[in-house]
$ cat start-v9.cif   # mmCIF, C-alpha atoms
data_my_file
loop_
_atom_site.label_atom_id
_atom_site.label_comp_id
_atom_site.auth_asym_id
_atom_site.auth_seq_id
_atom_site.Cartn_x
_atom_site.Cartn_y
_atom_site.Cartn_z
CA MET D 20 135.45 58.49 33.80
CA SER D 21 133.43 61.50 34.91
CA LEU D 22 130.01 61.16 36.50
CA LYS D 23 128.44 62.72 33.42
CA ASP D 24 130.06 60.14 31.15
CA LYS D 25 128.99 57.30 33.46
CA VAL D 26 125.38 58.51 33.35
CA LYS D 27 125.51 58.74 29.54
CA LEU D 28 126.93 55.22 29.29
CA THR D 29 124.28 53.84 31.66
CA PHE D 30 121.44 55.42 29.68
CA ARG D 31 122.96 54.17 26.44
CA LYS D 32 123.02 50.61 27.77
CA ILE D 33 119.45 50.88 29.05
CA PHE D 34 118.23 52.25 25.73
CA SER D 35 120.05 49.50 23.82
CA GLU D 36 118.52 46.80 26.02
CA LEU D 37 115.02 48.26 25.65
CA TYR D 38 115.46 48.50 21.88
CA MET D 39 116.49 44.83 21.64
CA ARG D 40 113.57 43.70 23.80
CA GLN D 41 111.12 45.73 21.71
CA ASP D 42 112.64 44.28 18.55
CA HIS D 43 112.17 40.73 19.86
CA VAL D 44 108.51 41.42 20.65
CA LEU D 45 107.91 42.93 17.21
CA LEU D 46 109.50 39.91 15.53
CA LEU D 47 107.41 37.49 17.56
CA LEU D 48 104.19 39.31 16.68
CA GLY D 49 105.28 39.45 13.04
CA LYS D 50 105.92 35.69 12.99
CA MET D 51 102.43 35.08 14.34
CA HIS D 52 100.88 37.23 11.63
CA SER D 53 103.07 35.58 9.01
CA LYS D 54 101.82 32.11 9.99
CA ARG D 55 98.24 33.35 9.71
CA ILE D 56 98.90 34.70 6.23
CA MET D 57 100.41 31.38 5.11
CA GLU D 58 97.01 29.82 5.76
CA CYS D 59 95.12 32.39 3.66
CA GLN D 60 93.72 30.76 0.54
CA ASN D 61 91.30 33.19 -1.06
CA ILE D 62 91.76 36.90 -0.52
CA ASN D 63 90.05 39.77 -2.32
CA SER D 64 93.01 42.14 -2.44
CA LEU D 65 96.46 42.69 -0.97
CA GLU D 66 94.87 44.88 1.67
CA ASP D 67 93.49 41.73 3.31
CA VAL D 68 96.95 40.48 4.29
CA GLU D 69 98.60 43.68 5.46
CA PHE D 70 100.51 43.96 8.69
CA LYS D 71 103.37 46.18 9.81
CA VAL D 72 106.53 45.23 11.69
CA TYR D 73 109.26 47.37 10.10
CA SER D 74 107.52 48.62 6.95
CA GLN D 75 106.07 52.12 6.91
CA TRP D 76 102.57 50.81 6.31
CA GLY D 77 101.21 47.26 5.88
CA ASP D 78 103.80 46.11 3.37
CA ASP D 79 105.40 43.45 5.59
CA GLY D 80 102.22 41.41 5.38
CA ILE D 81 101.85 41.84 1.62
CA ILE D 82 105.42 40.69 1.05
CA GLN D 83 104.87 37.62 3.24
CA TYR D 84 101.79 36.71 1.24
CA LEU D 85 103.55 37.08 -2.10
CA ILE D 86 106.70 35.14 -1.22
CA ASN D 87 104.58 32.28 0.11
CA ASN D 88 102.64 32.05 -3.14
CA ILE D 89 105.51 32.29 -5.64
CA ASP D 90 108.34 29.84 -6.28
CA ILE D 91 111.46 31.85 -5.44
CA PRO D 92 114.70 29.79 -5.65
CA ASN D 93 117.05 32.76 -5.10
CA LYS D 94 116.03 34.38 -1.83
CA ILE D 95 117.77 37.67 -2.52
CA PHE D 96 116.36 41.18 -2.24
CA ILE D 97 117.60 44.61 -3.28
CA GLU D 98 116.12 47.74 -1.75
CA PHE D 99 117.22 51.32 -2.21
CA GLY D 100 116.13 54.50 -0.53
CA VAL D 101 116.24 52.81 2.91
CA GLN D 102 117.62 55.68 5.03
CA ASN D 103 118.90 53.97 8.24
CA TYR D 104 116.86 50.80 7.58
CA THR D 105 114.88 50.92 10.82
CA GLU D 106 111.77 51.36 8.67
CA SER D 107 111.87 49.50 5.36
CA ASN D 108 110.13 46.95 3.15
CA THR D 109 112.75 44.22 3.51
CA ARG D 110 113.95 44.25 7.14
CA PHE D 111 111.26 41.79 8.26
CA LEU D 112 111.98 39.64 5.20
CA LEU D 113 115.64 39.59 6.24
CA GLN D 114 114.99 38.68 9.87
CA ASN D 115 111.91 36.48 9.61
CA ASP D 116 112.79 34.58 6.43
CA ASN D 117 116.59 34.83 6.53
CA TRP D 118 116.90 36.22 3.01
CA SER D 119 120.10 37.85 1.80
CA GLY D 120 120.07 41.39 0.53
CA LEU D 121 121.60 44.64 -0.60
CA VAL D 122 120.38 47.98 0.73
CA MET D 123 121.52 51.33 -0.62
CA ASP D 124 121.08 54.94 0.38
CA GLY D 125 122.74 58.22 -0.54
CA SER D 126 123.43 59.18 3.07
CA GLU D 127 126.77 58.11 4.54
CA GLU D 128 125.37 58.66 8.04
CA ALA D 129 122.48 56.30 7.32
CA ILE D 130 124.73 53.58 5.90
CA ASN D 131 127.10 53.86 8.88
CA TYR D 132 124.10 53.45 11.18
CA ILE D 133 123.17 50.20 9.40
CA LYS D 134 126.73 48.90 9.57
CA ASN D 135 126.81 49.54 13.32
CA ASP D 136 123.42 47.91 13.87
CA GLU D 137 123.60 44.29 15.03
CA ILE D 138 121.41 43.34 12.09
CA HIS D 139 124.45 43.89 9.85
CA TRP D 140 126.46 41.05 11.37
CA LYS D 141 123.58 38.78 12.38
CA TYR D 142 122.28 38.47 8.81
CA ASP D 143 123.61 38.37 5.27
CA LEU D 144 123.06 42.07 4.66
CA THR D 145 125.20 44.34 2.50
CA ALA D 146 124.81 48.11 3.01
CA LYS D 147 126.22 50.48 0.41
CA LYS D 148 126.33 54.24 0.15
CA ALA D 149 125.31 55.31 -3.33
CA PHE D 150 123.40 58.13 -4.97
CA ILE D 151 121.54 56.13 -7.58
CA THR D 152 121.20 57.26 -11.18
CA LYS D 153 119.97 55.51 -14.32
CA ASP D 154 123.59 55.28 -15.46
CA ASN D 155 125.05 53.61 -12.36
CA ILE D 156 122.22 51.37 -11.14
CA ASN D 157 123.17 48.26 -13.15
CA LYS D 158 126.83 48.56 -12.14
CA LEU D 159 125.89 48.87 -8.46
CA ILE D 160 123.72 45.77 -8.63
CA ILE D 161 126.26 43.68 -10.54
CA GLU D 162 128.92 44.57 -7.95
CA TYR D 163 126.66 42.86 -5.42
CA THR D 164 125.32 39.91 -7.41
CA THR D 165 125.42 38.43 -10.90
CA ILE D 166 122.32 36.33 -10.19
CA LYS D 167 119.64 37.61 -12.52
CA ASN D 168 116.52 35.96 -11.10
CA ILE D 169 116.48 37.47 -7.63
CA GLY D 170 113.41 37.36 -5.41
CA LEU D 171 112.46 40.98 -4.79
CA LEU D 172 113.32 44.55 -5.77
CA SER D 173 112.00 47.52 -3.79
CA ILE D 174 112.32 51.03 -5.24
CA ASP D 175 111.62 54.10 -3.13
CA ILE D 176 113.93 57.02 -3.82
CA ASP D 177 111.34 59.83 -3.84
CA GLY D 178 112.30 61.01 -7.29
CA ASN D 179 113.61 59.19 -10.34
CA ASP D 180 111.84 55.92 -9.45
CA TYR D 181 110.33 55.43 -12.93
CA TRP D 182 113.58 56.15 -14.78
CA ILE D 183 115.64 53.89 -12.52
CA TRP D 184 113.32 50.91 -12.91
CA GLU D 185 113.14 51.48 -16.67
CA ASN D 186 116.93 51.25 -16.90
CA ILE D 187 117.46 48.17 -14.72
CA GLU D 188 118.48 45.35 -17.06
CA CYS D 189 120.87 43.15 -15.05
CA ILE D 190 118.22 41.52 -12.86
CA SER D 191 114.74 40.07 -13.34
CA PRO D 192 113.11 40.00 -9.90
CA ARG D 193 110.08 37.80 -9.26
CA ILE D 194 108.51 40.68 -7.29
CA VAL D 195 108.89 44.44 -7.74
CA ILE D 196 107.64 47.07 -5.32
CA CYS D 197 107.70 50.64 -6.55
CA GLU D 198 106.50 53.80 -4.87
CA TYR D 199 104.02 55.91 -6.80
CA ASN D 200 102.88 59.49 -6.30
CA ALA D 201 99.13 59.21 -5.82
CA ASN D 202 98.81 63.00 -6.03
CA PHE D 203 99.33 62.67 -9.79
CA GLY D 204 96.05 60.74 -10.02
CA ARG D 205 95.10 57.58 -11.89
CA GLU D 206 94.39 58.80 -15.42
CA LYS D 207 97.69 60.29 -16.61
CA ALA D 208 100.97 58.48 -17.27
CA VAL D 209 103.41 61.08 -15.94
CA THR D 210 106.66 61.31 -14.06
CA ILE D 211 109.09 63.99 -13.03
CA PRO D 212 111.63 64.69 -15.81
CA TYR D 213 114.84 62.77 -15.27
CA LYS D 214 117.62 64.65 -13.49
CA ASP D 215 120.76 62.91 -12.19
CA ASP D 216 120.91 64.84 -8.94
CA PHE D 217 117.17 65.08 -8.28
CA TYR D 218 116.45 65.63 -4.60
CA ARG D 219 112.83 65.89 -3.56
CA THR D 220 113.00 68.80 -1.12
CA SER D 221 115.35 70.83 -3.32
CA ALA D 222 113.16 70.26 -6.39
CA HIS D 223 110.21 71.89 -4.63
CA PHE D 224 109.86 73.00 -1.02
CA SER D 225 106.48 71.27 -0.67
CA ASN D 226 107.88 67.70 -0.99
CA LEU D 227 104.96 66.96 -3.34
CA TYR D 228 106.92 67.03 -6.60
CA PHE D 229 108.48 63.59 -7.00
CA GLY D 230 108.13 60.17 -8.53
CA ALA D 231 105.70 58.79 -11.08
CA SER D 232 101.97 58.30 -11.40
CA TYR D 233 100.01 55.08 -11.02
CA LYS D 234 99.41 54.78 -14.78
CA ALA D 235 103.05 55.50 -15.62
CA LEU D 236 104.16 52.49 -13.57
CA LEU D 237 101.39 50.33 -15.02
CA LEU D 238 102.68 51.03 -18.54
CA LEU D 239 106.28 50.43 -17.52
CA SER D 240 105.43 47.15 -15.80
CA GLU D 241 103.73 45.88 -18.96
CA LYS D 242 106.79 46.77 -21.00
CA LYS D 243 109.04 44.92 -18.57
CA GLY D 244 106.85 41.79 -18.41
CA TYR D 245 105.11 42.23 -15.05
CA LYS D 246 101.55 41.85 -13.83
CA PHE D 247 100.16 44.46 -11.46
CA VAL D 248 98.69 42.70 -8.42
CA GLY D 249 97.68 45.65 -6.22
CA CYS D 250 98.59 48.61 -4.03
CA ASN D 251 98.99 48.88 -0.30
CA SER D 252 96.01 50.42 1.48
CA ASN D 253 97.83 53.69 2.22
CA GLY D 254 98.28 54.44 -1.46
CA ASN D 255 102.02 54.76 -1.90
CA ASN D 256 103.37 51.37 -3.05
CA MET D 257 102.45 49.32 -6.13
CA TYR D 258 103.17 45.58 -6.36
CA PHE D 259 104.15 43.68 -9.49
CA VAL D 260 104.85 40.00 -10.14
CA LYS D 261 106.70 38.61 -13.16
CA LYS D 262 103.95 37.42 -15.51
CA GLU D 263 105.11 33.81 -15.74
CA TYR D 264 104.67 33.47 -11.96
CA SER D 265 101.46 35.49 -11.58
CA ASP D 266 98.71 32.95 -12.32
CA GLY D 267 97.81 32.59 -8.66
CA PHE D 268 96.91 36.27 -8.40
CA ASP D 269 94.39 36.53 -11.25
CA ASN D 270 91.41 36.99 -8.90
CA LEU D 271 92.90 39.81 -6.85
CA GLU D 272 91.15 43.16 -6.96
CA THR D 273 93.54 45.67 -8.48
CA ARG D 274 92.75 49.35 -8.39
CA PHE D 275 94.18 52.78 -7.84
CA ILE D 276 94.30 53.74 -4.17
CA ASP D 277 94.61 57.40 -3.34
CA SER D 278 96.87 58.34 -0.46
CA LYS D 279 95.33 59.98 2.59
CA PHE D 280 98.50 60.97 4.43
CA LYS D 281 99.67 64.59 4.31
CA GLU D 282 103.23 65.40 3.28
CA ALA D 283 103.04 69.03 2.16
CA ARG D 284 105.46 71.58 3.63
CA ASP D 285 105.62 75.35 3.31
CA LYS D 286 108.68 77.36 2.26
CA ASN D 287 110.01 77.22 5.81
CA GLY D 288 109.78 73.43 5.92
CA LEU D 289 106.81 73.50 8.28
CA PHE D 290 103.77 71.23 7.96
CA LEU D 291 101.26 72.65 5.48
CA ASP D 292 97.76 71.61 6.48
CA ILE D 293 95.76 71.87 3.27
CA PRO D 294 92.90 69.70 1.94
CA LYS D 295 94.10 66.74 -0.10
CA LEU D 296 92.18 68.01 -3.14
CA ASN D 297 94.28 71.17 -3.21
CA THR D 298 97.74 69.63 -2.98
CA MET D 299 98.49 69.73 -6.70
CA LYS D 300 97.76 73.46 -6.84
CA VAL D 301 100.91 73.96 -4.78
CA ILE D 302 103.13 72.55 -7.57
CA GLU D 303 101.02 73.36 -10.64
CA GLU D 304 103.77 75.42 -12.28
CA GLU D 305 106.27 72.54 -12.21
CA MET D 306 107.07 70.65 -15.40
CA ILE D 307 106.04 67.03 -15.76
CA TYR D 308 106.98 64.43 -18.39
CA ASN D 309 103.97 62.92 -20.14
CA LEU D 310 104.82 59.37 -21.21
CA GLU D 311 101.89 59.15 -23.62
CA THR D 312 102.87 62.25 -25.59
CA ASN D 313 106.61 61.92 -24.87
CA GLY D 314 106.86 65.56 -23.96
CA LEU D 315 107.10 68.04 -21.12
CA GLN D 316 104.19 70.14 -19.95
CA PRO D 317 103.23 72.16 -16.88
CA LEU D 318 101.47 70.10 -14.27
CA LYS D 319 98.57 72.58 -14.25
CA GLU D 320 97.59 71.38 -17.73
CA LEU D 321 96.90 67.95 -16.28
CA ILE D 322 94.77 69.11 -13.37
CA LEU D 323 92.40 71.43 -15.18
#
$ encode --input "start-v9.cif" --output "structure tokens"
Amino acid sequence: MSLKDKVKLTFRKIFSELYMRQDHVLLLLGKMHSKRIMECQNINSLEDVEFKVYSQWGDDGIIQYLINNIDIPNKIFIEFGVQNYTESNTRFLLQNDNWSGLVMDGSEEAINYIKNDEIHWKYDLTAKKAFITKDNINKLIIEYTTIKNIGLLSIDIDGNDYWIWENIECISPRIVICEYNANFGREKAVTIPYKDDFYRTSAHFSNLYFGASYKALLLLSEKKGYKFVGCNSNGNNMYFVKKEYSDGFDNLETRFIDSKFKEARDKNGLFLDIPKLNTMKVIEEEMIYNLETNGLQPLKELIL
């Protein structure tokens, strides 16, 4: 082995050891927060119980609160749009609570990363490469489990989120988490038009044209028998609980939360630093599907 290869191997081992130690510390801190949340009796909103271990924002804490206040016999989760699963809504649930789960992503590189991560053999985790459409989603789920009443479903695919959830029929999760596009506002029930191969960056260079609005997901959740129990404080995830298990959440404050983070990019893929109020002007010519009129219209007609 050459000196160069020896140095690479040494650094790889050091990095791996540091990563494992950091992971152990994160888990320990998460367990401490989780125990605190188990003692919470009366909270005003989901924001009160947020904490982050592996989730992008404070969703790890919200999930811990919900699973400790709902009877969930089948501790199974399904999450798609996970990339390499180092940041996700269900990783802490997997490690802290020893749930079983299926994660899916359209990137073969990302799925291979998960399969080579020690989390794949240490826990009951199935990782599958799949580009999800409304036509294949039920088949993909049934290939993993025929149990209908699973614990949790997390949807975050930066695109056809509304249409995918609408078409899921093979499972009835106790809890559903779905990303919403806060840029579409709170008043209109809109989503991007369905397209099998929708990819956020290809659809519009800005990365702002994706997903569904807050009201669109509210209407869909009602149709599917869910109660809306709140958003995370960063304004990108909505939480729903199956109505027959939602009595304990009647006093929670539920409201639209606008996102503050900036995601806009210019035509060269570089960060576009524009005021939040002006973000929709960037994509105003794009077509949007209005669920209340059941028709397409330019986004600019909704932001006048």
$ closest_residue --input "start-v9.cif" --among "D:Leu48, D:Ala129, D:Ile151, D:Leu239" --to "Glu106 (chain D)" --atoms "all atoms listed in the file"
D:Ala129
$ atom_distance --input "start-v9.cif" --atom1 "CA of Thr273 (chain D)" --atom2 "CA of Phe247 (chain D)"
7.4 Å
$ resolve_selection --input "start-v9.cif" --expression "the PyMOL selection byres ((chain D and resi 277) around 9)" --output "PyMOL selection string"
chain D and resi 201-202+204-205+252-255+275-276+278-279
$ resolve_selection --input "start-v9.cif" --expression "the PyMOL selection byres ((chain D and resi 156) around 10)" --output "ChimeraX atom specification"
/D:149-155,157-161,183-184,186-189
$ write_last_selection --input "start-v9.cif" --atoms "C-alpha atoms" --output "PDB file, keeping the file's coordinate frame"
ATOM      1  CA  ALA D 149     125.310  55.310  -3.330  1.00  0.00           C
ATOM      2  CA  PHE D 150     123.400  58.130  -4.970  1.00  0.00           C
ATOM      3  CA  ILE D 151     121.540  56.130  -7.580  1.00  0.00           C
ATOM      4  CA  THR D 152     121.200  57.260 -11.180  1.00  0.00           C
ATOM      5  CA  LYS D 153     119.970  55.510 -14.320  1.00  0.00           C
ATOM      6  CA  ASP D 154     123.590  55.280 -15.460  1.00  0.00           C
ATOM      7  CA  ASN D 155     125.050  53.610 -12.360  1.00  0.00           C
ATOM      8  CA  ASN D 157     123.170  48.260 -13.150  1.00  0.00           C
ATOM      9  CA  LYS D 158     126.830  48.560 -12.140  1.00  0.00           C
ATOM     10  CA  LEU D 159     125.890  48.870  -8.460  1.00  0.00           C
ATOM     11  CA  ILE D 160     123.720  45.770  -8.630  1.00  0.00           C
ATOM     12  CA  ILE D 161     126.260  43.680 -10.540  1.00  0.00           C
ATOM     13  CA  ILE D 183     115.640  53.890 -12.520  1.00  0.00           C
ATOM     14  CA  TRP D 184     113.320  50.910 -12.910  1.00  0.00           C
ATOM     15  CA  ASN D 186     116.930  51.250 -16.900  1.00  0.00           C
ATOM     16  CA  ILE D 187     117.460  48.170 -14.720  1.00  0.00           C
ATOM     17  CA  GLU D 188     118.480  45.350 -17.060  1.00  0.00           C
ATOM     18  CA  CYS D 189     120.870  43.150 -15.050  1.00  0.00           C
TER      19      CYS D 189
END
$ atom_distance --input "start-v9.cif" --atom1 "CA of Val301 (chain D)" --atom2 "CA of Gln316 (chain D)"
16.0 Å
$ residues_around --input "start-v9.cif" --residues "region 109-116 of chain D" --least-positions-apart "6" --cutoff "9 Å" --atoms "only C-alpha atoms" --output "PyMOL selection string"
chain D and resi 46+49-50+53+72-74+79+82-83+94+96-98+122+138+141-144+171+173
$ residues_around --input "start-v9.cif" --residues "Gln75 (chain D)" --least-positions-apart "3" --cutoff "8 Å" --atoms "all atoms listed in the file" --output "VMD selection string"
chain D and resid 71 78 106 to 108
$ axis_aligned_box --input "start-v9.cif" --around "region 56-72 of chain D" --padding-each-side "6 Å" --output "JSON"
{"center_x": 98.3, "center_y": 38.0, "center_z": 4.6, "size_x": 28.5, "size_y": 28.4, "size_z": 26.1}
$ resolve_selection --input "start-v9.cif" --expression "the PyMOL selection byres ((chain D and resi 91) around 8)" --output "count of residues only"
9
$ residues_around --input "start-v9.cif" --residues "Val195 (chain D)" --least-positions-apart "6" --cutoff "9 Å" --atoms "all atoms listed in the file" --output "mmCIF file with C-alpha atoms, in the frame of the given file"
data_model
loop_
_atom_site.group_PDB
_atom_site.id
_atom_site.type_symbol
_atom_site.label_atom_id
_atom_site.label_comp_id
_atom_site.auth_asym_id
_atom_site.auth_seq_id
_atom_site.Cartn_x
_atom_site.Cartn_y
_atom_site.Cartn_z
ATOM 1 C CA GLY D 170 113.410 37.360 -5.410
ATOM 2 C CA LEU D 171 112.460 40.980 -4.790
ATOM 3 C CA LEU D 172 113.320 44.550 -5.770
ATOM 4 C CA SER D 173 112.000 47.520 -3.790
ATOM 5 C CA ILE D 174 112.320 51.030 -5.240
ATOM 6 C CA TYR D 245 105.110 42.230 -15.050
ATOM 7 C CA MET D 257 102.450 49.320 -6.130
ATOM 8 C CA TYR D 258 103.170 45.580 -6.360
ATOM 9 C CA PHE D 259 104.150 43.680 -9.490
ATOM 10 C CA VAL D 260 104.850 40.000 -10.140
ATOM 11 C CA LYS D 261 106.700 38.610 -13.160
#
$ atom_distance --input "start-v9.cif" --atom1 "CA of Val209 (chain D)" --atom2 "CA of Cys197 (chain D)"
14.7 Å
$ closest_residue --input "start-v9.cif" --among "D:Tyr104, D:Ile302, D:Ile293, D:Gly288" --to "Pro317 (chain D)" --atoms "only C-alpha atoms"
D:Ile302
$ residues_around --input "start-v9.cif" --residues "Glu127 (chain D)" --least-positions-apart "2" --cutoff "9 Å" --atoms "only C-alpha atoms" --output "ChimeraX atom specification"
/D:124-125,129-132,147-149
$ closest_residue --input "start-v9.cif" --among "D:Val44, D:Ile81, D:Leu121, D:Ile190" --to "Val68 (chain D)" --atoms "all atoms listed in the file"
D:Ile81
$ residues_around --input "start-v9.cif" --residues "region 64-67 of chain D" --least-positions-apart "6" --cutoff "8 Å" --atoms "all atoms listed in the file" --output "MDAnalysis selection string"
chainID D and resid 77 81 248:252 271:273
$ closest_residue --input "start-v9.cif" --among "D:Ile62, D:Ala222, D:Ile56, D:Asp42" --to "Thr105 (chain D)" --atoms "only C-alpha atoms"
D:Asp42
